[in-house]
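Visitor: Okay, handing you the structure first.
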Amino acid sequence: MSNASPQRTFLVCHGAWGGGWSWKKVHPLMRAAGHRLLTPTYTGLGERAHLANPAIDLETHIDDVLNVIRYEDLHDIVLLGHSYGGMVATGVADRARDCIAQLIYLDAFVPGDGQCLLDFLPESERQRMREGAAAGDGWRIPPNPTPADTPPADLEWLKARRVPMPLKCFETSLKLTHGETRLPRSYVYATRMAPTDVFGQFAKRARSEAGWRYFEIDASHSPGVTAPDALMALLQEIVAG
């Protein structure tokens, strides 16, 4: 009898300024492991950057992913939220919970009802983002710096593709219809912290609250780029458990 884990469908809610394209290193690893990986890009980012407009907010991106679930007829999903994608994934899980087997937060925000992303940032960071938007077109924030350990070739690749993020995505309060989810949840904390450790607060919560499984990865904030093999091994461990 094979010890391989059964085929799973992973659906990624990607981080800010990025897109499904930023998960390209993980696709062949998922295929080799027998899994299906879907990495849709939100409206206004990546290959959908031409659709950017000031009205785009968190709800737009939640709807983007909900429509993938609907039109691809997805069920028994492993929903993975990375960074800002944790905001999106939490909203998606609230509205499509019957289609989701488990949630994985990868160095991600974990909001409650009525919370927005800016609620979790220090005042200095909130101010910096608003000033960045004001210095540009008034409604988009320039990309944050990439982690210091990003290889030069990847840095060039990322810089050519990351685009400004609509500020409203960070200002929109999440609306939960069903309250705190009861879906199985895992939190993966990237231990090579940025200068401002935004995600330590969620790691602490996952370690201390019932209903969570907690994991760490020796990587910086975007392990899909800087440590794809280690990330794939960890995801395999999570879904096998």
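Each chain in the structure tokens gets a letter, A, B, ..., in the order shown, and its residues are numbered from 1; ligands are numbered from 1 in order too.
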Run DSSP on the backbone and tell me which residues of segment 171-231 of chain A come out as helix (DSSP H, G or I); list them as a short mmCIF file (atom, residue, chain, number, x, y, z; two decimals) with N, CA and C atoms, in the first residue's frame.

Guide:
```
data_model
loop_
_atom_site.label_atom_id
_atom_site.label_comp_id
_atom_site.auth_asym_id
_atom_site.auth_seq_id
_atom_site.Cartn_x
_atom_site.Cartn_y
_atom_site.Cartn_z
N GLU A 171 -7.85 49.07 4.18
CA GLU A 171 -8.75 49.85 5.04
C GLU A 171 -10.11 49.19 5.25
N GLY A 200 4.18 38.00 14.35
CA GLY A 200 4.39 37.34 15.63
C GLY A 200 3.13 37.30 16.49
N GLN A 201 2.29 38.33 16.36
CA GLN A 201 1.05 38.38 17.15
C GLN A 201 0.11 37.22 16.80
N PHE A 202 0.12 36.82 15.53
CA PHE A 202 -0.75 35.71 15.10
C PHE A 202 -0.13 34.36 15.46
N ALA A 203 1.20 34.30 15.40
CA ALA A 203 1.88 33.07 15.82
C ALA A 203 1.61 32.81 17.30
N LYS A 204 1.68 33.85 18.10
CA LYS A 204 1.42 33.71 19.54
C LYS A 204 0.00 33.23 19.78
N ARG A 205 -0.94 33.77 19.02
CA ARG A 205 -2.33 33.34 19.16
C ARG A 205 -2.50 31.87 18.80
N ALA A 206 -1.88 31.46 17.68
CA ALA A 206 -2.02 30.07 17.24
C ALA A 206 -1.39 29.09 18.22
N ARG A 207 -0.34 29.53 18.92
CA ARG A 207 0.30 28.65 19.91
C ARG A 207 -0.53 28.49 21.17
N SER A 208 -1.37 29.48 21.46
CA SER A 208 -2.05 29.48 22.75
C SER A 208 -3.56 29.18 22.68
N PRO A 223 8.18 32.32 1.60
CA PRO A 223 8.91 31.06 1.36
C PRO A 223 8.58 30.41 0.03
N GLY A 224 7.44 30.77 -0.58
CA GLY A 224 7.15 30.25 -1.92
C GLY A 224 8.17 30.71 -2.94
N VAL A 225 8.85 31.82 -2.63
CA VAL A 225 9.91 32.34 -3.50
C VAL A 225 11.29 31.90 -3.01
N THR A 226 11.55 32.09 -1.71
CA THR A 226 12.91 31.89 -1.19
C THR A 226 13.18 30.48 -0.67
N PRO A 228 10.99 27.28 -1.54
CA PRO A 228 9.84 26.50 -2.01
C PRO A 228 9.87 25.04 -1.61
N ASP A 229 11.04 24.43 -1.59
CA ASP A 229 11.12 23.00 -1.23
C ASP A 229 10.76 22.79 0.24
N ALA A 230 11.27 23.65 1.09
CA ALA A 230 10.94 23.55 2.52
C ALA A 230 9.46 23.80 2.75
N LEU A 231 8.91 24.76 2.01
CA LEU A 231 7.48 25.05 2.14
C LEU A 231 6.66 23.86 1.68
#
```

Visitor: Find the residues around Ser222 of chain A up to 10 Å (only C-alpha atoms counted), leave out those fewer than 5 positions away in its own chain, and share them as a ChimeraX atom specification.

Guide: /A:15,22-23,82-83,106-107,146-147,150,190,227-228,231

Visitor: Using only C-alpha atoms, which of A:Glu125, A:Asp218, A:Glu180, A:Glu237 sits nearest Val110 of chain A?

Guide: A:Glu180

Visitor: A:Arg130, A:Arg161, A:Arg97, A:His14: which is nearest Thr177 of chain A, counting only C-alpha atoms?

Guide: A:Arg97

Visitor: Nearest to Leu235 of chain A: which of A:His221, A:Asp137, A:Thr43, A:Val78 is it, counting only C-alpha atoms?

Guide: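 Using only C-alpha atoms, Leu235 of chain A sits closest to A:Val78.
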
Visitor: Check which residues of segment 98-194 of chain A sit at most 12 Å from segment 69-72 of chain A using only C-alpha atoms, and return one row each with the closest pair of atoms and their distance in Å to one decimal, ordered by chain and rising number, as CSV.

Guide:
```
residue,atom,partner,partner_atom,distance
A:Asp98,CA,A:Ile69,CA,11.0
A:Cys99,CA,A:Ile69,CA,8.0
A:Ile100,CA,A:Ile69,CA,9.6
```

Visitor: For each of A:Ile217, A:Leu121, A:Leu167, A:Val68, take the minimum atom-to-atom distance to Tyr187 of chain A, counting only C-alpha atoms, then give the residue where this is smallest.

Guide: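 Closest candidate: A:Ile217.
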
Visitor: Need to verify the contact set: segment 28-41 of chain A, 6 Å, only C-alpha atoms, exclusion of same-chain residues closer than 3 positions in sequence. Can you return it as a list in words?

Guide: Gln7, Arg8, Thr9, Phe10, Leu11, Val12, Gly19 and Gly20 of chain A

Visitor: I need the residues from that last selection saved to file as a compact mmCIF listing (two decimals), in the first residue's frame (with C-alpha atoms), if you can.

Guide:
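In the end it all went to part-v2.txt:
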```
# COMPACT_ATOMS: atom_id res chain seq x y z
CA GLN A 7 -4.39 14.17 -3.84
CA ARG A 8 -5.48 17.53 -2.49
CA THR A 9 -6.61 20.76 -4.11
CA PHE A 10 -4.74 23.78 -2.77
CA LEU A 11 -6.24 27.20 -3.45
CA VAL A 12 -3.95 30.14 -2.69
CA GLY A 19 -0.25 37.63 -7.94
CA GLY A 20 -0.65 34.00 -8.79
```

Visitor: Quick one: residues within 10 Å of Asp94 of chain A, only C-alpha atoms counted, chain neighbours fewer than 5 positions away excluded, as number ranges by chain?

Guide: A: 89, 100, 175-183

Visitor: For those residues, write N, CA, C and O atoms to a file as a PDB file, in the first residue's frame.

Guide:
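Output saved as again27.pdb:
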```pdb
ATOM      1  N   ALA A  89      -8.565  35.010   2.703  1.00  0.00           N
ATOM      2  CA  ALA A  89      -8.918  33.621   3.007  1.00  0.00           C
ATOM      3  C   ALA A  89      -9.941  33.540   4.135  1.00  0.00           C
ATOM      4  O   ALA A  89     -10.842  32.693   4.110  1.00  0.00           O
ATOM      5  N   ILE A 100     -14.574  23.888   1.947  1.00  0.00           N
ATOM      6  CA  ILE A 100     -13.197  23.952   2.432  1.00  0.00           C
ATOM      7  C   ILE A 100     -12.953  22.893   3.496  1.00  0.00           C
ATOM      8  O   ILE A 100     -13.725  22.747   4.450  1.00  0.00           O
ATOM      9  N   LYS A 175     -16.145  41.521   7.025  1.00  0.00           N
ATOM     10  CA  LYS A 175     -17.476  41.208   7.522  1.00  0.00           C
ATOM     11  C   LYS A 175     -17.644  39.692   7.562  1.00  0.00           C
ATOM     12  O   LYS A 175     -17.599  39.028   6.527  1.00  0.00           O
ATOM     13  N   LEU A 176     -17.829  39.161   8.760  1.00  0.00           N
ATOM     14  CA  LEU A 176     -18.029  37.724   8.928  1.00  0.00           C
ATOM     15  C   LEU A 176     -19.487  37.455   9.278  1.00  0.00           C
ATOM     16  O   LEU A 176     -20.014  38.024  10.234  1.00  0.00           O
ATOM     17  N   THR A 177     -20.108  36.574   8.505  1.00  0.00           N
ATOM     18  CA  THR A 177     -21.506  36.223   8.742  1.00  0.00           C
ATOM     19  C   THR A 177     -21.640  35.165   9.825  1.00  0.00           C
ATOM     20  O   THR A 177     -22.598  35.170  10.603  1.00  0.00           O
ATOM     21  N   HIS A 178     -20.655  34.277   9.885  1.00  0.00           N
ATOM     22  CA  HIS A 178     -20.769  33.106  10.764  1.00  0.00           C
ATOM     23  C   HIS A 178     -19.831  33.153  11.964  1.00  0.00           C
ATOM     24  O   HIS A 178     -19.663  32.150  12.651  1.00  0.00           O
ATOM     25  N   GLY A 179     -19.207  34.291  12.204  1.00  0.00           N
ATOM     26  CA  GLY A 179     -18.312  34.411  13.357  1.00  0.00           C
ATOM     27  C   GLY A 179     -17.012  33.648  13.158  1.00  0.00           C
ATOM     28  O   GLY A 179     -16.625  33.299  12.032  1.00  0.00           O
ATOM     29  N   GLU A 180     -16.337  33.372  14.253  1.00  0.00           N
ATOM     30  CA  GLU A 180     -15.055  32.659  14.198  1.00  0.00           C
ATOM     31  C   GLU A 180     -15.246  31.285  13.563  1.00  0.00           C
ATOM     32  O   GLU A 180     -16.151  30.535  13.914  1.00  0.00           O
ATOM     33  N   THR A 181     -14.378  30.968  12.610  1.00  0.00           N
ATOM     34  CA  THR A 181     -14.532  29.697  11.894  1.00  0.00           C
ATOM     35  C   THR A 181     -14.262  28.496  12.795  1.00  0.00           C
ATOM     36  O   THR A 181     -13.468  28.584  13.745  1.00  0.00           O
ATOM     37  N   ARG A 182     -14.915  27.402  12.490  1.00  0.00           N
ATOM     38  CA  ARG A 182     -14.642  26.138  13.181  1.00  0.00           C
ATOM     39  C   ARG A 182     -13.885  25.164  12.280  1.00  0.00           C
ATOM     40  O   ARG A 182     -13.701  23.997  12.646  1.00  0.00           O
ATOM     41  N   LEU A 183     -13.476  25.644  11.123  1.00  0.00           N
ATOM     42  CA  LEU A 183     -12.679  24.798  10.239  1.00  0.00           C
ATOM     43  C   LEU A 183     -11.314  24.510  10.868  1.00  0.00           C
ATOM     44  O   LEU A 183     -10.788  25.341  11.611  1.00  0.00           O
TER      45      LEU A 183
END
```

Visitor: A:Gly81, A:Cys169, A:Leu58, A:Val88: which is nearest Ile104 of chain A, counting only C-alpha atoms?

Guide: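 Between A:Gly81, A:Cys169, A:Leu58, A:Val88, the residue approaching Ile104 of chain A most closely is A:Gly81.
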
Visitor: Please compute the atom CA of Glu209 of chain A-atom CA of Val92 of chain A distance, one decimal, in Å.

Guide: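 Atom CA of Glu209 of chain A sits 21.6 Å away from atom CA of Val92 of chain A.
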
Visitor: What is the distance between atom CA of Pro54 of chain A and atom CA of Ser173 of chain A, in Å to one decimal?

Guide: 16.4 Å
